[in-house]
file model.csv (CSV, C-alpha atoms)
chain,number,residue,atom,x,y,z
A,1,MET,CA,14.6,-1.7,-13.7
A,2,LYS,CA,13.6,-2.0,-17.4
A,3,HIS,CA,11.2,-4.8,-18.0
A,4,SER,CA,8.0,-5.4,-20.0
A,5,ILE,CA,4.9,-7.1,-18.9
A,6,SER,CA,1.4,-7.7,-20.3
A,7,LEU,CA,-1.8,-6.8,-18.5
A,8,PRO,CA,-2.7,-10.4,-17.8
A,9,THR,CA,0.7,-10.9,-16.2
A,10,GLY,CA,0.2,-7.8,-14.1
A,11,LEU,CA,-3.2,-9.0,-13.0
A,12,PHE,CA,-1.8,-12.4,-12.1
A,13,TRP,CA,0.7,-10.9,-9.7
A,14,VAL,CA,-1.8,-8.6,-8.2
A,15,PHE,CA,-4.1,-11.7,-7.5
A,16,VAL,CA,-1.1,-13.5,-6.1
A,17,TRP,CA,-0.6,-10.7,-3.6
A,18,VAL,CA,-4.3,-10.9,-2.7
A,19,GLY,CA,-3.8,-14.6,-2.1
A,20,PHE,CA,-1.0,-13.7,0.4
A,21,MET,CA,-3.3,-11.2,2.1
A,22,ILE,CA,-6.0,-13.8,2.4
A,23,LEU,CA,-3.4,-16.2,3.8
A,24,TYR,CA,-2.1,-14.0,6.7
A,25,THR,CA,-5.7,-12.9,7.4
A,26,PHE,CA,-6.8,-16.5,7.7
A,27,LEU,CA,-3.9,-17.3,10.0
A,28,ASP,CA,-4.8,-14.4,12.2
A,29,VAL,CA,-8.6,-15.1,12.4
A,30,ALA,CA,-8.6,-18.9,12.3
A,31,ILE,CA,-5.4,-19.8,14.2
A,32,TRP,CA,-3.6,-17.1,16.1
A,33,ARG,CA,-6.7,-15.7,17.8
A,34,LYS,CA,-8.1,-19.1,18.7
A,35,ILE,CA,-5.0,-21.0,19.6
A,36,PHE,CA,-2.5,-18.4,20.7
A,37,PRO,CA,-4.6,-15.4,21.8
A,38,ALA,CA,-2.0,-14.0,24.1
A,39,GLY,CA,0.6,-13.7,21.4
A,40,ARG,CA,-1.8,-13.2,18.5
A,41,LYS,CA,-0.7,-9.7,17.6
A,42,TYR,CA,3.0,-10.7,17.4
A,43,LEU,CA,2.3,-13.8,15.4
A,44,ASN,CA,0.1,-11.8,13.0
A,45,ILE,CA,2.8,-9.2,12.3
A,46,ILE,CA,5.4,-12.0,11.8
A,47,SER,CA,2.9,-13.6,9.3
A,48,VAL,CA,2.5,-10.3,7.5
A,49,LEU,CA,6.3,-9.7,7.4
A,50,LEU,CA,7.0,-13.2,6.0
A,51,CYS,CA,4.2,-12.9,3.4
A,52,THR,CA,5.6,-9.5,2.3
A,53,VAL,CA,9.2,-10.7,2.0
A,54,GLY,CA,8.2,-14.0,0.4
A,55,TYR,CA,6.0,-12.2,-2.2
A,56,ILE,CA,8.7,-9.7,-3.1
A,57,PHE,CA,11.2,-12.5,-3.5
A,58,LEU,CA,8.8,-14.4,-5.9
A,59,LEU,CA,8.0,-11.2,-7.8
A,60,VAL,CA,11.6,-10.4,-8.4
A,61,ARG,CA,12.8,-13.9,-9.1
A,62,LYS,CA,10.0,-15.1,-11.4
A,63,ASN,CA,10.0,-11.9,-13.5
A,64,ASN,CA,13.7,-11.1,-13.7
A,65,PHE,CA,12.7,-7.8,-12.2
A,66,ALA,CA,15.7,-5.8,-11.1
A,67,LEU,CA,14.9,-4.1,-7.8
A,68,ARG,CA,17.2,-1.0,-7.5
A,69,PRO,CA,15.2,1.6,-5.5
A,70,PHE,CA,18.2,3.9,-4.9
A,71,SER,CA,19.6,3.9,-8.5
A,72,THR,CA,18.2,7.3,-9.5
A,73,LEU,CA,17.8,9.0,-6.1
A,74,SER,CA,18.2,12.8,-6.0
A,75,TRP,CA,17.5,15.5,-3.5
A,76,GLN,CA,15.0,17.0,-5.8
A,77,GLY,CA,13.1,13.7,-5.9
A,78,ILE,CA,13.2,13.4,-2.1
A,79,LEU,CA,11.8,16.9,-1.6
A,80,LEU,CA,9.1,16.2,-4.2
A,81,ALA,CA,8.2,13.0,-2.4
A,82,LEU,CA,7.9,14.7,0.9
A,83,GLY,CA,5.7,17.4,-0.7
A,84,CYS,CA,3.5,14.7,-2.2
A,85,ALA,CA,3.0,13.2,1.3
A,86,VAL,CA,1.9,16.5,2.8
A,87,LEU,CA,-0.3,17.2,-0.2
A,88,PHE,CA,-2.0,13.8,0.1
A,89,TYR,CA,-2.9,14.4,3.7
A,90,PHE,CA,-4.4,17.8,3.1
A,91,VAL,CA,-6.2,17.0,-0.1
A,92,LEU,CA,-7.3,13.5,0.6
A,93,ASP,CA,-7.7,13.1,4.4
A,94,LEU,CA,-9.0,16.6,5.2
A,95,PHE,CA,-11.0,17.3,2.0
A,96,PHE,CA,-11.7,14.4,-0.2
A,97,ASP,CA,-12.3,11.6,2.3
A,98,PRO,CA,-14.9,13.5,4.4
A,99,LEU,CA,-17.0,14.0,1.2
A,100,LEU,CA,-16.7,10.3,0.4
A,101,ALA,CA,-17.7,9.4,3.9
A,102,LYS,CA,-21.0,11.2,3.4
A,103,LEU,CA,-21.6,9.5,0.1
A,104,PHE,CA,-20.8,6.0,1.4
A,105,PRO,CA,-21.8,5.8,5.1
A,106,SER,CA,-21.6,2.0,5.3
A,107,SER,CA,-18.0,2.0,3.9
A,108,GLU,CA,-17.1,4.8,6.3
A,109,GLU,CA,-18.4,2.8,9.2
A,110,ASN,CA,-16.4,-0.2,8.2
A,111,TYR,CA,-13.3,2.0,7.7
A,112,GLN,CA,-13.7,3.5,11.2
A,113,GLU,CA,-14.1,0.0,12.7
A,114,THR,CA,-10.8,-1.0,11.0
A,115,LEU,CA,-9.1,2.0,12.4
A,116,SER,CA,-10.4,1.2,15.9
A,117,GLN,CA,-9.0,-2.3,15.6
A,118,LEU,CA,-5.6,-1.0,14.3
A,119,SER,CA,-5.4,1.4,17.3
A,120,GLU,CA,-5.4,-1.5,19.7
A,121,THR,CA,-1.8,-2.4,18.7
A,122,PRO,CA,-0.2,1.0,17.7
A,123,MET,CA,3.4,-0.1,17.4
A,124,ILE,CA,2.6,-3.1,15.3
A,125,THR,CA,0.2,-1.0,13.2
A,126,LEU,CA,3.0,1.5,12.7
A,127,LEU,CA,5.2,-1.2,11.3
A,128,GLN,CA,2.5,-2.7,9.1
A,129,ILE,CA,0.9,0.4,7.5
A,130,CYS,CA,3.8,2.9,7.6
A,131,ILE,CA,6.7,0.6,6.5
A,132,LEU,CA,5.6,-2.8,5.1
A,133,ALA,CA,2.6,-1.7,3.1
A,134,PRO,CA,4.3,1.2,1.4
A,135,ILE,CA,7.3,-0.9,0.5
A,136,LEU,CA,5.3,-3.8,-0.9
A,137,GLU,CA,2.7,-1.6,-2.7
A,138,GLU,CA,5.2,0.7,-4.4
A,139,ILE,CA,7.4,-2.2,-5.5
A,140,LEU,CA,4.3,-4.0,-7.0
A,141,MET,CA,2.3,-1.0,-8.3
A,142,ARG,CA,4.9,1.5,-9.4
A,143,GLY,CA,8.1,-0.5,-9.9
A,144,PHE,CA,6.7,-3.7,-11.4
A,145,LEU,CA,3.3,-2.8,-12.8
A,146,LEU,CA,3.7,0.8,-14.0
A,147,GLY,CA,7.2,0.3,-15.1
A,148,GLY,CA,6.5,-2.9,-16.9
A,149,LEU,CA,3.2,-1.9,-18.5
A,150,SER,CA,4.7,1.3,-19.8
A,151,PHE,CA,6.9,-0.6,-22.2
A,152,ARG,CA,3.9,-2.6,-23.6
A,153,TYR,CA,1.1,0.0,-23.6
A,154,GLY,CA,2.7,3.4,-23.1
A,155,LYS,CA,3.0,5.6,-20.0
A,156,THR,CA,-0.5,7.1,-20.0
A,157,THR,CA,-2.3,3.7,-20.3
A,158,ALA,CA,0.0,2.1,-17.7
A,159,LEU,CA,-0.5,5.0,-15.3
A,160,PHE,CA,-4.3,4.6,-15.4
A,161,LEU,CA,-4.2,0.8,-15.2
A,162,SER,CA,-1.7,0.7,-12.2
A,163,SER,CA,-3.8,3.4,-10.4
A,164,ILE,CA,-7.0,1.4,-10.9
A,165,LEU,CA,-5.4,-1.8,-9.6
A,166,PHE,CA,-3.9,0.1,-6.7
A,167,ALA,CA,-7.3,1.5,-5.8
A,168,LEU,CA,-9.0,-1.9,-6.0
A,169,LEU,CA,-6.5,-3.4,-3.5
A,170,HIS,CA,-8.0,-1.2,-0.7
A,171,PHE,CA,-11.4,-3.0,-0.7
A,172,ASN,CA,-13.4,0.0,0.6
A,173,MET,CA,-15.3,2.7,-1.4
A,174,VAL,CA,-14.0,5.5,0.9
A,175,GLN,CA,-10.4,4.3,0.6
A,176,THR,CA,-10.7,3.1,-3.0
A,177,LEU,CA,-11.5,6.4,-4.6
A,178,SER,CA,-8.9,8.2,-2.6
A,179,ALA,CA,-6.4,5.4,-3.4
A,180,PHE,CA,-6.9,6.0,-7.1
A,181,VAL,CA,-6.0,9.7,-6.8
A,182,CYS,CA,-3.0,8.7,-4.6
A,183,GLY,CA,-1.9,6.0,-7.0
A,184,PHE,CA,-2.2,8.4,-9.9
A,185,VAL,CA,0.0,11.0,-8.3
A,186,LEU,CA,2.5,8.4,-7.1
A,187,GLY,CA,2.6,7.1,-10.7
A,188,LEU,CA,3.4,10.6,-11.9
A,189,LEU,CA,6.1,10.9,-9.3
A,190,TYR,CA,7.6,7.6,-10.5
A,191,LEU,CA,7.5,8.6,-14.1
A,192,ASN,CA,9.1,12.0,-13.4
A,193,THR,CA,11.8,10.9,-11.0
A,194,ASN,CA,12.3,7.3,-12.2
A,195,SER,CA,12.9,6.6,-8.5
A,196,LEU,CA,11.1,3.8,-6.7
A,197,PHE,CA,12.5,5.1,-3.4
A,198,CYS,CA,10.8,8.4,-3.8
A,199,CYS,CA,7.4,6.7,-4.2
A,200,ILE,CA,8.1,4.6,-1.1
A,201,LEU,CA,9.1,7.7,0.8
A,202,ALA,CA,6.0,9.6,-0.3
A,203,HIS,CA,3.7,6.7,0.6
A,204,MET,CA,5.4,6.2,4.0
A,205,GLY,CA,5.1,9.9,4.8
A,206,TYR,CA,1.4,10.0,3.9
A,207,ASN,CA,0.6,6.9,5.9
A,208,LEU,CA,2.6,8.2,8.8
A,209,LEU,CA,0.7,11.5,8.8
A,210,ALA,CA,-2.6,9.6,8.7
A,211,TYR,CA,-1.4,7.3,11.5
A,212,ILE,CA,-0.5,10.2,13.8
A,213,THR,CA,-3.7,12.0,13.2
A,214,THR,CA,-6.2,9.1,13.2
A,215,ILE,CA,-4.9,6.0,14.9
A,216,LEU,CA,-2.8,7.5,17.7
A,217,PRO,CA,-5.8,9.6,19.0
A,218,LEU,CA,-8.0,6.6,19.0
A,219,TYR,CA,-5.3,4.7,21.1
A,220,ALA,CA,-5.0,7.6,23.5
A,221,LYS,CA,-8.8,7.5,24.2
A,222,LYS,CA,-8.6,3.8,25.3

call {"tool": "encode", "arguments": {"input": "model.csv", "output": "structure tokens"}}
result
Amino acid sequence: MKHSISLPTGLFWVFVWVGFMILYTFLDVAIWRKIFPAGRKYLNIISVLLCTVGYIFLLVRKNNFALRPFSTLSWQGILLALGCAVLFYFVLDLFFDPLLAKLFPSSEENYQETLSQLSETPMITLLQICILAPILEEILMRGFLLGGLSFRYGKTTALFLSSILFALLHFNMVQTLSAFVCGFVLGLLYLNTNSLFCCILAHMGYNLLAYITTILPLYAKK
């Protein structure tokens, strides 16, 4: 997975992914909801899936980025990843996020509204936030950005840059500050295990815990 990239190159590919996000959001809001309301949720997840796969294909092909997530897998790394997932839940969701919600009430309100919308389609949400998002974000942020920037700027600088960019992708103050902490720890996990799969596993595990404790209860109330 050895590759070297500059910060402008890294920023470019982050913005490319933002463009893909805008594309599938536009399709959902402007087309699927208006023209195919009955099947909108299925068309939306298909759009997200195609955009995710298409983006990863472009990222790998255009940058000669060798995607080998299982190349350095170990049991120690898996256990560490699972530990990180649990740690994220207790430190971020139960402690850090409530403090941020008080500091940024408007952001918290927007976040809760988003959760309510996600709870309307629990199985599709499970696929999107617990599988697709962790795979895409870890390939981009840890595998491509952190790994590539480390060769150009050093591990410490690359760790902070990739964590900041990861945080900015979440577009909400409550999520953004927590995402920086999450991204920083996931970066440390990647640097210490050299395993992209471990980062994906930790990210999936954390999102799954958040899904079970926040989205499913909202769905049960409806």

call {"tool": "atom_distance", "arguments": {"input": "model.csv", "atom1": "atom CA of Thr214 of chain A", "atom2": "atom CA of Pro122 of chain A"}}
result
11.0 Å

call {"tool": "residues_near_point", "arguments": {"input": "model.csv", "point": "(4.9, 0.8, -15.9)", "cutoff": "9 Å", "atoms": "all atoms listed in the file", "output": "PyMOL selection string"}}
result
chain A and resi 3-5+141-155+157-159+162+187+191

call {"tool": "closest_residue", "arguments": {"input": "model.csv", "among": "A:Phe96, A:Phe12, A:Lys221, A:Val48", "to": "Asp28 of chain A", "atoms": "all atoms listed in the file"}}
result
A:Val48

call {"tool": "residues_near_point", "arguments": {"input": "model.csv", "point": "(18.9, 6.1, -10.8)", "cutoff": "10 Å", "atoms": "all atoms listed in the file", "output": "list of chain:residue names"}}
result
A:Met1, A:Arg68, A:Pro69, A:Phe70, A:Ser71, A:Thr72, A:Leu73, A:Ser74, A:Thr193, A:Asn194, A:Ser195, A:Leu196, A:Phe197

call {"tool": "closest_residue", "arguments": {"input": "model.csv", "among": "A:Leu216, A:Leu82, A:Ala179, A:Val174", "to": "Leu99 of chain A", "atoms": "all atoms listed in the file"}}
result
A:Val174

call {"tool": "atom_distance", "arguments": {"input": "model.csv", "atom1": "atom CA of Phe26 of chain A", "atom2": "atom CA of Ile45 of chain A"}}
result
12.9 Å

call {"tool": "atom_distance", "arguments": {"input": "model.csv", "atom1": "atom CA of Ser47 of chain A", "atom2": "atom CA of Arg61 of chain A"}}
result
20.9 Å

call {"tool": "residues_around", "arguments": {"input": "model.csv", "residues": "Ala202 of chain A", "least_positions_apart": "2", "cutoff": "7 Å", "atoms": "only C-alpha atoms", "output": "MDAnalysis selection string"}}
result
chainID A and resid 81:82 84:85 198:200 204:206

call {"tool": "closest_residue", "arguments": {"input": "model.csv", "among": "A:Thr213, A:Asn44, A:Gly10, A:Glu137", "to": "Ala30 of chain A", "atoms": "all atoms listed in the file"}}
result
A:Asn44

call {"tool": "closest_residue", "arguments": {"input": "model.csv", "among": "A:Leu201, A:Ile139, A:Leu161, A:Leu168", "to": "Ala66 of chain A", "atoms": "all atoms listed in the file"}}
result
A:Ile139

call {"tool": "closest_residue", "arguments": {"input": "model.csv", "among": "A:Ile22, A:Val16, A:Ala220, A:Met173", "to": "Ala101 of chain A", "atoms": "only C-alpha atoms"}}
result
A:Met173

call {"tool": "residues_around", "arguments": {"input": "model.csv", "residues": "segment 123-127 of chain A", "least_positions_apart": "3", "cutoff": "12 Å", "atoms": "all atoms listed in the file", "output": "PyMOL selection string"}}
result
chain A and resi 40-46+48-49+114-120+130-135+204-205+207-212+214-216+219

call {"tool": "decode", "arguments": {"input": "model.csv", "residues": "segment 80-151 of chain A", "atoms": "C-alpha atoms", "output": "PDB file, in the first residue's frame"}}
result
ATOM      1  CA  LEU A  80      -7.440  -3.632  19.256  1.00  0.00           C
ATOM      2  CA  ALA A  81      -9.968  -2.553  16.616  1.00  0.00           C
ATOM      3  CA  LEU A  82     -12.890  -3.955  18.625  1.00  0.00           C
ATOM      4  CA  GLY A  83     -11.557  -2.229  21.728  1.00  0.00           C
ATOM      5  CA  CYS A  84     -11.422   1.074  19.836  1.00  0.00           C
ATOM      6  CA  ALA A  85     -15.050   0.653  18.730  1.00  0.00           C
ATOM      7  CA  VAL A  86     -16.222   0.227  22.326  1.00  0.00           C
ATOM      8  CA  LEU A  87     -13.982   3.060  23.515  1.00  0.00           C
ATOM      9  CA  PHE A  88     -15.426   5.414  20.883  1.00  0.00           C
ATOM     10  CA  TYR A  89     -18.953   4.653  22.016  1.00  0.00           C
ATOM     11  CA  PHE A  90     -18.335   5.286  25.710  1.00  0.00           C
ATOM     12  CA  VAL A  91     -16.033   8.284  25.337  1.00  0.00           C
ATOM     13  CA  LEU A  92     -17.673  10.036  22.382  1.00  0.00           C
ATOM     14  CA  ASP A  93     -21.363   9.079  22.440  1.00  0.00           C
ATOM     15  CA  LEU A  94     -21.861   8.940  26.201  1.00  0.00           C
ATOM     16  CA  PHE A  95     -19.491  11.702  27.338  1.00  0.00           C
ATOM     17  CA  PHE A  96     -18.129  13.995  24.627  1.00  0.00           C
ATOM     18  CA  ASP A  97     -21.188  14.352  22.375  1.00  0.00           C
ATOM     19  CA  PRO A  98     -23.597  15.424  25.181  1.00  0.00           C
ATOM     20  CA  LEU A  99     -21.188  18.223  26.087  1.00  0.00           C
ATOM     21  CA  LEU A 100     -20.976  19.367  22.470  1.00  0.00           C
ATOM     22  CA  ALA A 101     -24.751  19.219  22.137  1.00  0.00           C
ATOM     23  CA  LYS A 102     -25.037  21.817  24.905  1.00  0.00           C
ATOM     24  CA  LEU A 103     -22.437  24.043  23.265  1.00  0.00           C
ATOM     25  CA  PHE A 104     -23.952  23.823  19.772  1.00  0.00           C
ATOM     26  CA  PRO A 105     -27.744  23.423  20.212  1.00  0.00           C
ATOM     27  CA  SER A 106     -28.592  24.233  16.586  1.00  0.00           C
ATOM     28  CA  SER A 107     -26.132  21.619  15.331  1.00  0.00           C
ATOM     29  CA  GLU A 108     -27.568  19.110  17.791  1.00  0.00           C
ATOM     30  CA  GLU A 109     -31.070  19.858  16.530  1.00  0.00           C
ATOM     31  CA  ASN A 110     -29.987  19.255  12.930  1.00  0.00           C
ATOM     32  CA  TYR A 111     -28.230  16.069  13.990  1.00  0.00           C
ATOM     33  CA  GLN A 112     -31.330  14.737  15.759  1.00  0.00           C
ATOM     34  CA  GLU A 113     -33.422  15.538  12.701  1.00  0.00           C
ATOM     35  CA  THR A 114     -30.997  13.555  10.566  1.00  0.00           C
ATOM     36  CA  LEU A 115     -31.221  10.613  12.972  1.00  0.00           C
ATOM     37  CA  SER A 116     -35.007  10.744  12.795  1.00  0.00           C
ATOM     38  CA  GLN A 117     -34.910  10.593   9.002  1.00  0.00           C
ATOM     39  CA  LEU A 118     -32.444   7.685   9.070  1.00  0.00           C
ATOM     40  CA  SER A 119     -34.687   5.766  11.468  1.00  0.00           C
ATOM     41  CA  GLU A 120     -37.447   5.708   8.832  1.00  0.00           C
ATOM     42  CA  THR A 121     -35.498   3.104   6.819  1.00  0.00           C
ATOM     43  CA  PRO A 122     -33.505   1.112   9.412  1.00  0.00           C
ATOM     44  CA  MET A 123     -32.215  -1.677   7.150  1.00  0.00           C
ATOM     45  CA  ILE A 124     -31.063   0.708   4.439  1.00  0.00           C
ATOM     46  CA  THR A 125     -29.504   2.951   7.090  1.00  0.00           C
ATOM     47  CA  LEU A 126     -27.685  -0.071   8.513  1.00  0.00           C
ATOM     48  CA  LEU A 127     -26.162  -0.782   5.110  1.00  0.00           C
ATOM     49  CA  GLN A 128     -25.238   2.841   4.513  1.00  0.00           C
ATOM     50  CA  ILE A 129     -23.750   3.931   7.839  1.00  0.00           C
ATOM     51  CA  CYS A 130     -22.453   0.620   9.189  1.00  0.00           C
ATOM     52  CA  ILE A 131     -20.988  -0.867   6.005  1.00  0.00           C
ATOM     53  CA  LEU A 132     -20.615   1.520   3.069  1.00  0.00           C
ATOM     54  CA  ALA A 133     -19.530   4.632   4.984  1.00  0.00           C
ATOM     55  CA  PRO A 134     -16.826   2.905   7.087  1.00  0.00           C
ATOM     56  CA  ILE A 135     -15.362   1.120   4.047  1.00  0.00           C
ATOM     57  CA  LEU A 136     -15.238   4.269   1.910  1.00  0.00           C
ATOM     58  CA  GLU A 137     -14.024   6.608   4.647  1.00  0.00           C
ATOM     59  CA  GLU A 138     -11.268   4.296   5.861  1.00  0.00           C
ATOM     60  CA  ILE A 139     -10.001   3.615   2.347  1.00  0.00           C
ATOM     61  CA  LEU A 140      -9.919   7.350   1.648  1.00  0.00           C
ATOM     62  CA  MET A 141      -8.850   8.781   5.001  1.00  0.00           C
ATOM     63  CA  ARG A 142      -6.535   6.172   6.442  1.00  0.00           C
ATOM     64  CA  GLY A 143      -5.414   4.045   3.508  1.00  0.00           C
ATOM     65  CA  PHE A 144      -5.051   6.761   0.865  1.00  0.00           C
ATOM     66  CA  LEU A 145      -4.601  10.058   2.734  1.00  0.00           C
ATOM     67  CA  LEU A 146      -2.795   9.053   5.926  1.00  0.00           C
ATOM     68  CA  GLY A 147      -0.694   6.438   4.188  1.00  0.00           C
ATOM     69  CA  GLY A 148       0.180   8.683   1.246  1.00  0.00           C
ATOM     70  CA  LEU A 149       0.761  11.903   3.195  1.00  0.00           C
ATOM     71  CA  SER A 150       3.035  10.086   5.662  1.00  0.00           C
ATOM     72  CA  PHE A 151       5.656   9.534   2.971  1.00  0.00           C
TER      73      PHE A 151
END
